[in-house]
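Have a look at the structure below, then the notes.
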Amino acid sequence: MKSVEALFTPQTTPTALEMQRLRDDFPILGIRVGDKPLVYLDNAASSQMPQAVIDRLVRYQTTQHANIHRAVHHLSEIATQEYENARRKLQHFMGAREEKEVIFTSGTTDSINLVMHGYGRKFIQSGDEIILTTLEHHSNIVPWQMLAEEKGARIRVVPINDSGELLVEAYEKLFNSKTRFVGLSHVSNALGTINPIKQMIAIAHQHGVPVLIDGAQAAPHLKVDVQKLDCDFYAFSAHKLFGPTGIGVLYGKAHLLEAMQPYKGGGDMIASVTFEKTIYNELPYKFEAGTPPIAAAIGFGAAIDYLNQIGLDAIAAYEHDLLRYATEQIQTIPGVRIIGDSSNKVAVISFVIDGIHPHDVGTLLNQEGIAVRTGHHCAQPIMERFKVPATSRASFAFYNNRDEVEALVAGIRSVQKVFAL
């Protein structure tokens with residue numbers, strides 16, 4: 001097995017052939033589904049882990065495991081050091097100014113809920129307005145609906161065009177003296193559209209309004225620099241970034257995190273406790289109550305190391321070429337319609353087949369070993385906008401290749417033949 005380090009260093013640009021050789025780093029890609037080789041095209045839901053991440057998790061569990069921040073013995077000191085090393089890796093990965101601006105959470109959903117509870121419940125009042133977009137995942141809709149119902153606030157929604165792109169002029173017109181918060185996805189999970197978030201953040205800041213970015217679908221594909229974006233909050237998850245489940249990260253500007261109330265109470269998020277008063281811990285621990293997912297955080301750090309070896313620019317270039325090829329091939333199939341055809345998107349293709357429900361498409365493709373996602377993708381407002389109950393979604397990573405695109409196209413044609421009988 002050739003590892004990523006054996007192929008190139010961060011200073012070199014990998015070729016398409018070298019990118020495909022990285023498949024060897026992902027043991028699960030070698031399994032079979034029945035008698036068919038696995039074609040894994042569900043990366044927007046969860047990507048797979050390379051052997052380097054798996055090995056790092058095993059090494060922690062077998063030689064370094066202990067609770068952190070709680071003891072002075074050897075294993076606890078090592079575990080604490082490795083946990084905080086992972087935080088520093090995430091800090092550099094997303095360009096945060098300070099380590100204390102990086103909060104470990106259980107995932108993007110937890111990060112958004114942390115902001116809703118910690119910032120929203122403290123600062124948003126009756127009559128205030130929150131701007132969201134049609135392209136949001138339910139995780140960046142439901143918490144704000146809960147807050148709006150509790151506080152008597154109002155949610156305003158940015159519309160999209162027929163290509164699945166946000167209408168920025170309509171977004172600008174939503175701001176008024178009552179606007180208090182904006183929640184935006186960096187990339188649509190259902191369509192793959194890359195939103196113009198830097199421009200939209202700047203517009204919000206002109207009105208003095210903070211912005212949270214749901215970066216779950218962007219971080220695996222695009223280089224993120226939170227300082228250049230000037231976003232106030234940014235959230236993403238490890239399991240979409242070739243790392244373990246159960247761990248995510250929230251970036252927040254330090255002065256905002258300092259002003260927020262804790263989301264959860266418990267151990268390690270306190271400086272002192274009496275029955276009369278609790279004094280909260282300093283950042284980032286103020287928001288990390290209880291024993292965290294230590295192994296997962298260290299695995300997250302290993303995933304960042306792996307991606308840094310490849311380089312996100314190389315990943316983006318390779319995936320863009322693969323997306324272009326897949327789009328061209330799928331467009332040649334009569335009776336298949338791609339939903340969301342923005343010219344600026346990551347490697348995600350949502351499609352519908354005339355007369356065939358997406359769940360049937362997914363079931364029949366699975367018989368060919370092809371894993372796609374079917375349903376509303378936790379993005380029902382998008383489905384309503386395009387007047388479809390659901391779509392089939394093929395989402396690609398850098399370990400996918402043209403052979404797998406061709407397998408998908410052949411699988412779609414086979415599905416059509418079944419329903420033509």
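In the structure tokens, each chain is lettered A, B, ... as it comes, each chain's residues begin at 1, and ligands are numbered from 1 in order of appearance.
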
Exercise. Leaving out stretch 327-341 of chain A and any residue of its chain fewer than 5 positions from it, which residues lie within 9 Å of it when counting only C-alpha atoms, given as a ChimeraX atom specification?
Worked result: /A:162-165,190-193,322,349-355,386,391,405-406,408-409,412-413,416

Give me a file of those residues, with C-alpha atoms, as a compact mmCIF listing (two decimals), in the first residue's frame.
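The resulting file, out_24.txt, is reproduced below:
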```txt
# COMPACT_ATOMS: atom_id res chain seq x y z
CA ASP A 162 -33.54 28.04 -11.22
CA SER A 163 -29.85 27.10 -11.15
CA GLY A 164 -29.89 26.81 -7.37
CA GLU A 165 -27.99 30.05 -6.75
CA ALA A 190 -28.30 19.00 -1.74
CA LEU A 191 -27.07 20.81 -4.86
CA GLY A 192 -23.37 21.47 -4.34
CA THR A 193 -23.77 25.21 -5.02
CA LEU A 322 -14.41 14.77 -12.13
CA ILE A 349 -24.87 16.00 -8.56
CA SER A 350 -28.52 15.74 -7.59
CA PHE A 351 -30.72 14.24 -10.26
CA VAL A 352 -34.17 12.86 -10.95
CA ILE A 353 -35.20 10.23 -13.48
CA ASP A 354 -38.53 10.65 -15.25
CA GLY A 355 -41.19 8.34 -13.83
CA PHE A 386 -37.78 22.67 -7.46
CA THR A 391 -33.60 13.49 -5.57
CA VAL A 405 -18.65 7.80 -12.97
CA GLU A 406 -19.11 5.38 -15.86
CA LEU A 408 -22.99 5.27 -12.19
CA VAL A 409 -24.08 6.13 -15.73
CA ILE A 412 -28.80 4.73 -14.22
CA ARG A 413 -29.39 3.23 -17.65
CA GLN A 416 -34.39 2.89 -16.67
```

Exercise. Near stretch 166-170 of chain A, counting only C-alpha atoms, which residues have an atom at most 9 Å away, once you skip same-chain residues fewer than 5 positions from it, shown as a PyMOL selection string?
Worked result: chain A and resi 133-135+158-161+193+195-196+199-200

For this session: Might you pull out every residue within 7 Å of stretch 217-231 of chain A, with only C-alpha atoms counted and same-chain residues fewer than 2 positions away left off, and present them as a list in words?
Result: Ala44, Met94, Gly95, Ala96, His186, Val187, Ser188, Asn189, Lys198, Ile201, Val211, Leu212, Gly215, Phe233, Tyr234, Phe236, Lys240, Leu241, Leu312, Ile315, Ala316 and Val346 of chain A

Considering only C-alpha atoms, tabulate each residue of stretch 319-382 of chain A that lies at most 8 Å from stretch 136-153 of chain A along with its nearest interatomic pair and the corresponding distance in Å to one decimal; arrange the rows by chain and ascending residue number and present them as a Markdown table.
```
| residue | atom | partner | partner_atom | distance |
| --- | --- | --- | --- | --- |
| A:His377 | CA | A:His137 | CA | 7.9 |
| A:Cys378 | CA | A:His138 | CA | 5.3 |
| A:Ala379 | CA | A:His137 | CA | 5.0 |
| A:Gln380 | CA | A:His138 | CA | 7.8 |
```

Problem set entry | Residues of stretch 94-319 of chain A in helix (DSSP H, G or I), written as number ranges by chain | A: 94, 99-101, 108-123, 138-140, 142-151, 168-173, 197-206, 226-229, 254-259, 285-287, 294-310, 312-319

For this session: Between A:Ala71, A:Val249, A:Val39, A:Val157, single out the one closest to A:Gly107, counting only C-alpha atoms.
Result: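 Nearest to A:Gly107: A:Val249.
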
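Of the residues listed (A:Lys173, A:Arg23, A:Lys100, A:Arg87), A:Arg87 shows the shortest atom-to-atom separation from A:Gly248; distances use only C-alpha atoms.
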
Problem set entry | Residue neighbourhood A:His359, 8 Å, only C-alpha atoms, exclusion window fewer than 3 positions, as an MDAnalysis selection string | chainID A and resid 362:363 374:375 392

Seminar exercise, completed: Of A:Asp25, A:Asp35, A:Glu84, A:Glu368, the one nearest to A:Gly301 when counting only C-alpha atoms is A:Glu84

For this session: Show which residues sit within 8 Å of A:Pro210, as a list in words. Count only C-alpha atoms, and ignore same-chain residues fewer than 4 positions away.
Result: Arg180, Phe181, Val182, Ala204, His205, Cys231 and Asp232 of chain A

Problem set entry | For stretch 270-275 of chain A: contacts at 12 Å, only C-alpha atoms, fewer than 6 positions along chain excluded, given as a VMD selection string | chain A and resid 262 264 281 to 290

Could I get the residues of stretch 267-324 of chain A with an atom no further than 8 Å from an atom of stretch 45-64 of chain A, each paired with its nearest atom pair and that distance in Å to one decimal, using only C-alpha atoms, sorted by chain and residue number, as a Markdown table?
```
| residue | atom | partner | partner_atom | distance |
| --- | --- | --- | --- | --- |
| A:Ala295 | CA | A:Leu57 | CA | 6.2 |
| A:Ala296 | CA | A:Leu57 | CA | 7.5 |
| A:Ile298 | CA | A:Leu57 | CA | 7.2 |
| A:Gly299 | CA | A:Leu57 | CA | 5.6 |
| A:Phe300 | CA | A:Val53 | CA | 7.9 |
| A:Ala302 | CA | A:Val53 | CA | 5.4 |
| A:Ala303 | CA | A:Val53 | CA | 5.9 |
| A:Tyr306 | CA | A:Ala52 | CA | 7.5 |
```

Problem set entry | For A:Gln261, the nearest of the candidates A:Gly246, A:Pro381, A:Gly118, A:Pro293, counting only C-alpha atoms |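 Among A:Gly246, A:Pro381, A:Gly118, A:Pro293, it is A:Gly118 that comes nearest to A:Gln261.
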
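Put simply, atom CA of A:Asp313 is 11.4 Å away from atom CA of A:Phe398.
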
For this session: Considering only C-alpha atoms, return as a list in words whatever protein or nucleic-acid residues lie within 7 Å of A:Ala297, sequence-local ones (same chain, fewer than 6 positions apart) excluded.
Result: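 Residues near the query, excluding close chain neighbours: Tyr83, Ala86 and Ile247 of chain A.
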
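Counting from atom CA of A:Asp128, the distance to atom CA of A:Ser177 is 8.7 Å.
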
Exercise. Please, which residues of stretch 301-394 of chain A, numbered as in this document, come out strand (DSSP E or B) from DSSP, as number ranges by chain?
Worked result: A: 336-339, 345, 348-353, 356, 370-371, 373-375, 391-394
